[in-house]
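**Student:** Take this structure first; my questions come after.
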Amino acid sequence: MLISGIEALRAAAEGSYALPAINYINMEHLQAIIAAAEELRAPIVIQTSQNAIDYAGFEYLRDIGVGAAQRAKVPVALHLDHGKDLALNMRCIRYGWTSVMMDASLLPFEENVAAVREVTRAAHCLDISVEAELGFIGGKEGDADAGDIYTKAEDACRFFDESGCDSLAIAVGTQHGLYKGEVKIDYQRIREIKEAVGGRPLVLHGTSFVPLEMVAQAIDCGINKVNFDSELKMAGMKAIRGYLAENPDAYDLRKMNRPMMAAMKEVAMEKIRICKAEGKSWLK
């Protein structure tokens, strides 16, 4: 069932779990994600990044995302991940997404607020949630050279109030893409931000290959949505390589896609469980 991102965030906050938010770039990825959510009876967020839209096309990803969500036996929100372009956010709001992200995090604070506020004014008229990012998470979504790149509690509170966003991705030590070096999450900062913003939804990006117990602890500290992407892609590619090693003359994409989908589903189920979303579907 396709649901509003606002409804999904509210349910996660009330149920003391985090929404597992997983990116897809094609039909097979999406089928694996939905299958994992349905097997575990979990609400889920399916995400399209701006890069994925540039690759596959807006209409294609919209059609399969909306269609899969509407047919799913669990609550599904369709989210635009890291939409840096105002026009793309507005297009997603108009054509079926139930949650969007206006990522202006590389801009100065006031400009970030202004960009997000413009999106929230349009999105909230249609009960669509808006995510923003404050601080510098790093990795493949951008680069910056800054001093204190972590999100400050007082800034997060002010950002929520001035932008009207529904959730905020915070910088607390994770990194987009493949994590380099030792993972160090500032759990105390998460708790401080959560208290400062009055319990409003916080998002954790960049969790691929972050130890599961660290993700679980971050959720316990107040995270309500966790993004996953690279780890599923790598599991899928490993399965395809394994199949081709055993079947070097293979040419039927359907046959090599089956082990890829199974591998991605397994990782998705692992992430759903660590988010404590298993069994939290409210659909009968």
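Chain lettering (A, B, ...) mirrors the order of the structure tokens, residue numbering begins at 1 for each chain separately, and ligand numbering begins at 1 in order of display.
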Skip Arg191 (chain A) itself and residues of its chain fewer than 3 positions away, then list as a list in words all residues within 9 Å of it, counting only C-alpha atoms.
**Tutor:**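 The neighbour list is Tyr187, Gln188, Lys194, Glu195, Ala196, Ala218, Cys221 and Gly222 of chain A.
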**Student:** Which residues come within 12 Å of Ile64 (chain A), counting only C-alpha atoms, excluding same-chain residues fewer than 3 positions away, as a list in words?
**Tutor:** Tyr24, Ile25, Asn26, Met27, Glu28, His29, Leu30, Gln31, Ile34, Ile46, Gln47, Thr48, Ala56, Gly57, Phe58, Glu59, Tyr60, Leu61, Gly67, Ala68, Ala69, Gln70, Arg71, Ala72, Leu78, Gly96 and Trp97 of chain A
**Student:** Hey, can you spit out that residue selection with N, CA, C and O atoms as a compact mmCIF listing (two decimals), in the first residue's frame?
**Tutor:**
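In the end it all went to result_16.txt:
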# COMPACT_ATOMS: atom_id res chain seq x y z
N TYR A 24 16.47 1.91 -4.97
CA TYR A 24 16.36 1.00 -6.11
C TYR A 24 16.68 1.76 -7.39
O TYR A 24 16.47 2.97 -7.48
N ILE A 25 17.22 1.01 -8.36
CA ILE A 25 17.51 1.63 -9.66
C ILE A 25 16.86 0.88 -10.81
O ILE A 25 16.90 1.33 -11.94
N ASN A 26 16.26 -0.29 -10.50
CA ASN A 26 15.58 -1.04 -11.56
C ASN A 26 14.53 -1.97 -10.95
O ASN A 26 14.35 -2.01 -9.73
N MET A 27 13.86 -2.71 -11.80
CA MET A 27 12.77 -3.58 -11.36
C MET A 27 13.26 -4.66 -10.40
O MET A 27 12.61 -4.94 -9.38
N GLU A 28 14.40 -5.27 -10.71
CA GLU A 28 14.89 -6.37 -9.89
C GLU A 28 15.22 -5.90 -8.48
O GLU A 28 14.92 -6.59 -7.48
N HIS A 29 15.88 -4.75 -8.36
CA HIS A 29 16.19 -4.21 -7.03
C HIS A 29 14.89 -4.00 -6.25
O HIS A 29 14.80 -4.35 -5.08
N LEU A 30 13.91 -3.41 -6.90
CA LEU A 30 12.65 -3.10 -6.25
C LEU A 30 11.92 -4.36 -5.81
O LEU A 30 11.38 -4.43 -4.70
N GLN A 31 11.90 -5.38 -6.66
CA GLN A 31 11.24 -6.63 -6.30
C GLN A 31 11.89 -7.26 -5.08
O GLN A 31 11.20 -7.80 -4.20
N ILE A 34 10.80 -5.14 -1.88
CA ILE A 34 9.40 -5.35 -1.51
C ILE A 34 9.20 -6.77 -0.97
O ILE A 34 8.47 -6.98 0.02
N ILE A 46 10.94 3.03 -0.11
CA ILE A 46 11.71 2.75 -1.32
C ILE A 46 12.17 4.09 -1.87
O ILE A 46 11.41 5.05 -1.93
N GLN A 47 13.44 4.17 -2.26
CA GLN A 47 14.03 5.46 -2.59
C GLN A 47 14.61 5.50 -4.01
O GLN A 47 15.21 4.53 -4.47
N THR A 48 14.44 6.65 -4.64
CA THR A 48 15.09 6.92 -5.91
C THR A 48 16.01 8.12 -5.72
O THR A 48 15.56 9.17 -5.26
N ALA A 56 18.03 5.91 -15.14
CA ALA A 56 16.93 5.07 -15.61
C ALA A 56 15.78 5.87 -16.22
O ALA A 56 14.99 5.32 -16.99
N GLY A 57 15.66 7.12 -15.84
CA GLY A 57 14.57 7.94 -16.34
C GLY A 57 13.48 8.14 -15.30
O GLY A 57 13.11 7.21 -14.57
N PHE A 58 12.99 9.34 -15.21
CA PHE A 58 11.99 9.72 -14.21
C PHE A 58 10.74 8.86 -14.32
O PHE A 58 10.26 8.30 -13.33
N GLU A 59 10.20 8.74 -15.53
CA GLU A 59 8.92 8.03 -15.71
C GLU A 59 9.05 6.55 -15.38
O GLU A 59 8.16 5.97 -14.76
N TYR A 60 10.16 5.92 -15.79
CA TYR A 60 10.34 4.50 -15.52
C TYR A 60 10.38 4.22 -14.02
O TYR A 60 9.71 3.31 -13.52
N LEU A 61 11.20 4.98 -13.31
CA LEU A 61 11.32 4.74 -11.87
C LEU A 61 10.03 5.11 -11.14
O LEU A 61 9.67 4.46 -10.16
N GLY A 67 3.68 1.70 -8.74
CA GLY A 67 2.96 0.45 -8.96
C GLY A 67 3.28 -0.60 -7.92
O GLY A 67 2.38 -1.26 -7.38
N ALA A 68 4.57 -0.77 -7.62
CA ALA A 68 4.97 -1.76 -6.62
C ALA A 68 4.43 -1.40 -5.24
O ALA A 68 3.97 -2.27 -4.49
N ALA A 69 4.48 -0.11 -4.90
CA ALA A 69 4.00 0.32 -3.59
C ALA A 69 2.49 0.11 -3.46
O ALA A 69 2.00 -0.36 -2.42
N GLN A 70 1.75 0.42 -4.50
CA GLN A 70 0.29 0.26 -4.45
C GLN A 70 -0.11 -1.20 -4.30
O GLN A 70 -1.11 -1.50 -3.64
N ARG A 71 0.64 -2.11 -4.88
CA ARG A 71 0.31 -3.53 -4.81
C ARG A 71 0.87 -4.22 -3.56
O ARG A 71 0.47 -5.34 -3.25
N ALA A 72 1.80 -3.59 -2.90
CA ALA A 72 2.46 -4.22 -1.76
C ALA A 72 1.49 -4.51 -0.63
O ALA A 72 0.52 -3.77 -0.40
N LEU A 78 7.21 6.18 -1.05
CA LEU A 78 8.12 6.39 -2.18
C LEU A 78 8.83 7.72 -1.97
O LEU A 78 8.20 8.78 -1.92
N GLY A 96 3.63 11.65 -7.92
CA GLY A 96 3.42 10.39 -7.22
C GLY A 96 4.31 10.05 -6.06
O GLY A 96 4.00 9.12 -5.30
N TRP A 97 5.42 10.76 -5.87
CA TRP A 97 6.25 10.49 -4.70
C TRP A 97 5.49 10.93 -3.45
O TRP A 97 4.76 11.93 -3.47
**Student:** Could you produce a table of the residues of region 14-62 of chain A lying within 6 Å of region 256-280 of chain A, with the nearest pair of atoms per residue and their separation in Å rounded to one decimal, using only C-alpha atoms, ordered by chain and increasing residue number, as JSON lines?
**Tutor:**
{"residue": "A:Tyr17", "atom": "CA", "partner": "A:Lys276", "partner_atom": "CA", "distance": 5.2}
{"residue": "A:Ala18", "atom": "CA", "partner": "A:Cys275", "partner_atom": "CA", "distance": 5.0}
{"residue": "A:Pro20", "atom": "CA", "partner": "A:Ile272", "partner_atom": "CA", "distance": 5.7}
{"residue": "A:Ala32", "atom": "CA", "partner": "A:Lys265", "partner_atom": "CA", "distance": 4.7}
{"residue": "A:Ile33", "atom": "CA", "partner": "A:Lys265", "partner_atom": "CA", "distance": 5.9}
{"residue": "A:Ala36", "atom": "CA", "partner": "A:Met269", "partner_atom": "CA", "distance": 5.3}
{"residue": "A:Leu40", "atom": "CA", "partner": "A:Glu278", "partner_atom": "CA", "distance": 5.3}
{"residue": "A:Arg41", "atom": "CA", "partner": "A:Gly279", "partner_atom": "CA", "distance": 4.7}
{"residue": "A:Ala42", "atom": "CA", "partner": "A:Glu278", "partner_atom": "CA", "distance": 4.9}
**Student:** Grab the residues selected above and save them as a PDB file, in the first residue's frame with N, CA, C and O atoms.
**Tutor:**
ATOM      1  N   TYR A  17      10.670   2.414  16.401  1.00  0.00           N
ATOM      2  CA  TYR A  17      11.545   1.739  15.442  1.00  0.00           C
ATOM      3  C   TYR A  17      11.981   2.751  14.401  1.00  0.00           C
ATOM      4  O   TYR A  17      11.558   3.919  14.423  1.00  0.00           O
ATOM      5  N   ALA A  18      12.856   2.333  13.496  1.00  0.00           N
ATOM      6  CA  ALA A  18      13.307   3.199  12.406  1.00  0.00           C
ATOM      7  C   ALA A  18      12.786   2.660  11.087  1.00  0.00           C
ATOM      8  O   ALA A  18      12.687   1.441  10.899  1.00  0.00           O
ATOM      9  N   PRO A  20      13.286   1.450   7.562  1.00  0.00           N
ATOM     10  CA  PRO A  20      14.360   1.053   6.662  1.00  0.00           C
ATOM     11  C   PRO A  20      14.094   1.682   5.296  1.00  0.00           C
ATOM     12  O   PRO A  20      13.018   1.502   4.721  1.00  0.00           O
ATOM     13  N   ALA A  32      13.198  -7.208  -4.993  1.00  0.00           N
ATOM     14  CA  ALA A  32      13.899  -7.785  -3.847  1.00  0.00           C
ATOM     15  C   ALA A  32      13.549  -7.048  -2.557  1.00  0.00           C
ATOM     16  O   ALA A  32      13.329  -7.663  -1.506  1.00  0.00           O
ATOM     17  N   ILE A  33      13.475  -5.733  -2.632  1.00  0.00           N
ATOM     18  CA  ILE A  33      13.174  -4.914  -1.454  1.00  0.00           C
ATOM     19  C   ILE A  33      11.750  -5.170  -0.963  1.00  0.00           C
ATOM     20  O   ILE A  33      11.516  -5.392   0.233  1.00  0.00           O
ATOM     21  N   ALA A  36      11.338  -8.597   0.638  1.00  0.00           N
ATOM     22  CA  ALA A  36      11.881  -8.644   1.995  1.00  0.00           C
ATOM     23  C   ALA A  36      10.912  -8.024   2.990  1.00  0.00           C
ATOM     24  O   ALA A  36      10.652  -8.575   4.066  1.00  0.00           O
ATOM     25  N   LEU A  40       8.725 -10.039   6.060  1.00  0.00           N
ATOM     26  CA  LEU A  40       8.900  -9.670   7.463  1.00  0.00           C
ATOM     27  C   LEU A  40       7.770  -8.789   7.990  1.00  0.00           C
ATOM     28  O   LEU A  40       7.823  -8.345   9.138  1.00  0.00           O
ATOM     29  N   ARG A  41       6.747  -8.532   7.157  1.00  0.00           N
ATOM     30  CA  ARG A  41       5.600  -7.711   7.557  1.00  0.00           C
ATOM     31  C   ARG A  41       6.073  -6.363   8.104  1.00  0.00           C
ATOM     32  O   ARG A  41       5.678  -5.931   9.201  1.00  0.00           O
ATOM     33  N   ALA A  42       6.900  -5.681   7.315  1.00  0.00           N
ATOM     34  CA  ALA A  42       7.508  -4.437   7.768  1.00  0.00           C
ATOM     35  C   ALA A  42       7.143  -3.266   6.864  1.00  0.00           C
ATOM     36  O   ALA A  42       7.135  -3.406   5.638  1.00  0.00           O
TER      37      ALA A  42
END
**Student:** Please provide as an NGL selection string all residues within 7 Å of Tyr150 (chain A), with the sequence filter that same-chain residues fewer than 3 positions apart are discarded (counting only C-alpha atoms).
**Tutor:** :A and (135-136 or 171-172)
**Student:** Region 158-169 of chain A: which residues within 7 Å, counting only C-alpha atoms, same-chain residues fewer than 5 positions away excluded, as an mmCIF file with N, CA, C and O atoms, in the first residue's frame?
**Tutor:**
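Saved the output as around.cif:
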data_model
loop_
_atom_site.group_PDB
_atom_site.id
_atom_site.type_symbol
_atom_site.label_atom_id
_atom_site.label_comp_id
_atom_site.auth_asym_id
_atom_site.auth_seq_id
_atom_site.Cartn_x
_atom_site.Cartn_y
_atom_site.Cartn_z
ATOM 1 N N VAL A 113 17.883 26.519 4.600
ATOM 2 C CA VAL A 113 16.541 26.689 5.154
ATOM 3 C C VAL A 113 15.570 27.185 4.089
ATOM 4 O O VAL A 113 14.450 26.652 3.943
ATOM 5 N N ALA A 114 15.974 28.188 3.338
ATOM 6 C CA ALA A 114 15.084 28.787 2.336
ATOM 7 C C ALA A 114 14.696 27.785 1.253
ATOM 8 O O ALA A 114 13.535 27.723 0.827
ATOM 9 N N VAL A 116 14.644 24.450 1.499
ATOM 10 C CA VAL A 116 13.773 23.422 2.064
ATOM 11 C C VAL A 116 12.376 23.983 2.323
ATOM 12 O O VAL A 116 11.366 23.321 2.060
ATOM 13 N N ARG A 117 12.305 25.218 2.806
ATOM 14 C CA ARG A 117 11.007 25.834 3.100
ATOM 15 C C ARG A 117 10.150 25.958 1.841
ATOM 16 O O ARG A 117 8.932 25.756 1.881
ATOM 17 N N THR A 120 8.681 22.495 1.274
ATOM 18 C CA THR A 120 7.665 22.096 2.262
ATOM 19 C C THR A 120 6.331 22.787 1.993
ATOM 20 O O THR A 120 5.272 22.206 2.225
ATOM 21 N N SER A 129 5.840 14.236 2.834
ATOM 22 C CA SER A 129 6.871 14.604 3.801
ATOM 23 C C SER A 129 8.114 15.150 3.100
ATOM 24 O O SER A 129 8.403 14.817 1.950
ATOM 25 N N VAL A 130 8.847 15.993 3.833
ATOM 26 C CA VAL A 130 10.069 16.595 3.309
ATOM 27 C C VAL A 130 11.217 16.325 4.271
ATOM 28 O O VAL A 130 11.130 16.625 5.467
ATOM 29 N N GLU A 131 12.276 15.760 3.731
ATOM 30 C CA GLU A 131 13.502 15.512 4.481
ATOM 31 C C GLU A 131 14.548 16.535 4.067
ATOM 32 O O GLU A 131 14.587 16.971 2.912
ATOM 33 N N ALA A 132 15.386 16.930 5.002
ATOM 34 C CA ALA A 132 16.484 17.844 4.719
ATOM 35 C C ALA A 132 17.757 17.277 5.338
ATOM 36 O O ALA A 132 17.720 16.242 6.023
ATOM 37 N N GLU A 133 18.873 17.928 5.090
ATOM 38 C CA GLU A 133 20.150 17.486 5.658
ATOM 39 C C GLU A 133 20.872 18.693 6.221
ATOM 40 O O GLU A 133 20.921 19.757 5.594
ATOM 41 N N LEU A 134 21.446 18.521 7.406
ATOM 42 C CA LEU A 134 22.172 19.599 8.064
ATOM 43 C C LEU A 134 23.485 19.059 8.599
ATOM 44 O O LEU A 134 23.517 18.048 9.300
ATOM 45 N N ARG A 200 11.383 15.195 17.263
ATOM 46 C CA ARG A 200 11.059 15.142 15.842
ATOM 47 C C ARG A 200 11.982 14.167 15.108
ATOM 48 O O ARG A 200 13.099 13.888 15.557
ATOM 49 N N PRO A 201 11.534 13.605 13.954
ATOM 50 C CA PRO A 201 12.249 12.513 13.290
ATOM 51 C C PRO A 201 13.651 12.875 12.800
ATOM 52 O O PRO A 201 13.841 13.894 12.113
ATOM 53 N N LEU A 202 14.614 12.030 13.130
ATOM 54 C CA LEU A 202 15.998 12.173 12.679
ATOM 55 C C LEU A 202 16.350 11.014 11.753
ATOM 56 O O LEU A 202 15.850 9.899 11.916
ATOM 57 N N VAL A 203 17.224 11.295 10.786
ATOM 58 C CA VAL A 203 17.577 10.324 9.750
ATOM 59 C C VAL A 203 19.077 10.072 9.776
ATOM 60 O O VAL A 203 19.873 11.005 9.964
ATOM 61 N N LEU A 204 19.467 8.817 9.563
ATOM 62 C CA LEU A 204 20.879 8.440 9.501
ATOM 63 C C LEU A 204 21.206 7.975 8.091
ATOM 64 O O LEU A 204 20.648 6.993 7.604
ATOM 65 N N HIS A 205 22.091 8.701 7.427
ATOM 66 C CA HIS A 205 22.582 8.317 6.105
ATOM 67 C C HIS A 205 23.945 7.643 6.245
ATOM 68 O O HIS A 205 24.608 7.746 7.269
#
**Student:** DSSP on the backbone: what in region 80-227 of chain A comes out strand (DSSP E), as a VMD selection string?
**Tutor:** chain A and resid 80 to 81 99 to 101 129 to 134 167 to 170 202 to 204 223 to 227
**Student:** List every residue of region 95-129 of chain A that DSSP, applied to the backbone of this structure, assigns to alpha helix (DSSP H), and report them as a PyMOL selection string.
**Tutor:** chain A and resi 109-123
**Student:** Which residues of region 39-96 of chain A sit at most 12 Å from region 227-244 of chain A, using only C-alpha atoms? Give each one's shortest atom pair and distance in Å (one decimal place), in chain and ascending residue order, as a tab-separated table.
**Tutor:**
residue	atom	partner	partner_atom	distance
A:Ile44	CA	A:Asn227	CA	10.7
A:Val45	CA	A:Asn227	CA	9.0
A:Ile46	CA	A:Asn227	CA	9.7
A:Gln47	CA	A:Asn227	CA	8.8
A:Thr48	CA	A:Asp229	CA	10.4
A:Ser49	CA	A:Asp229	CA	10.2
A:Ala52	CA	A:Asp229	CA	11.6
A:His79	CA	A:Asn227	CA	11.0
A:Leu80	CA	A:Asn227	CA	11.8
A:Asp81	CA	A:Asn227	CA	9.1
A:His82	CA	A:Asn227	CA	11.1
**Student:** When you draw a straight line from CA of Met90 (chain A) to CA of Asn23 (chain A), how long is it in Å?
**Tutor:**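 One can read the CA of Met90 (chain A) to CA of Asn23 (chain A) distance as 19.7 Å.
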**Student:** When distances are computed from only C-alpha atoms, which of A:Arg121, A:Asp63, A:Arg91, A:Glu192 shows the smallest separation from Ile223 (chain A)?
**Tutor:**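 Closest to Ile223 (chain A), using only C-alpha atoms: A:Glu192.
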**Student:** In Å to one decimal, how far is CA of Gln50 (chain A) from CA of Asp155 (chain A)?
**Tutor:**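 Interatomic distance here is 26.4 Å.
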**Student:** At what distance in Å, to one decimal, does CA of Thr207 (chain A) lie from CA of Ala156 (chain A)?
**Tutor:**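 Separating CA of Ala156 (chain A) from CA of Thr207 (chain A) is a distance of 20.6 Å.
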**Student:** Under the rule that only C-alpha atoms are counted, which of A:Phe109, A:Glu39, A:Val119, A:Gln217 is the nearest residue to Asp85 (chain A)?
**Tutor:** A:Val119
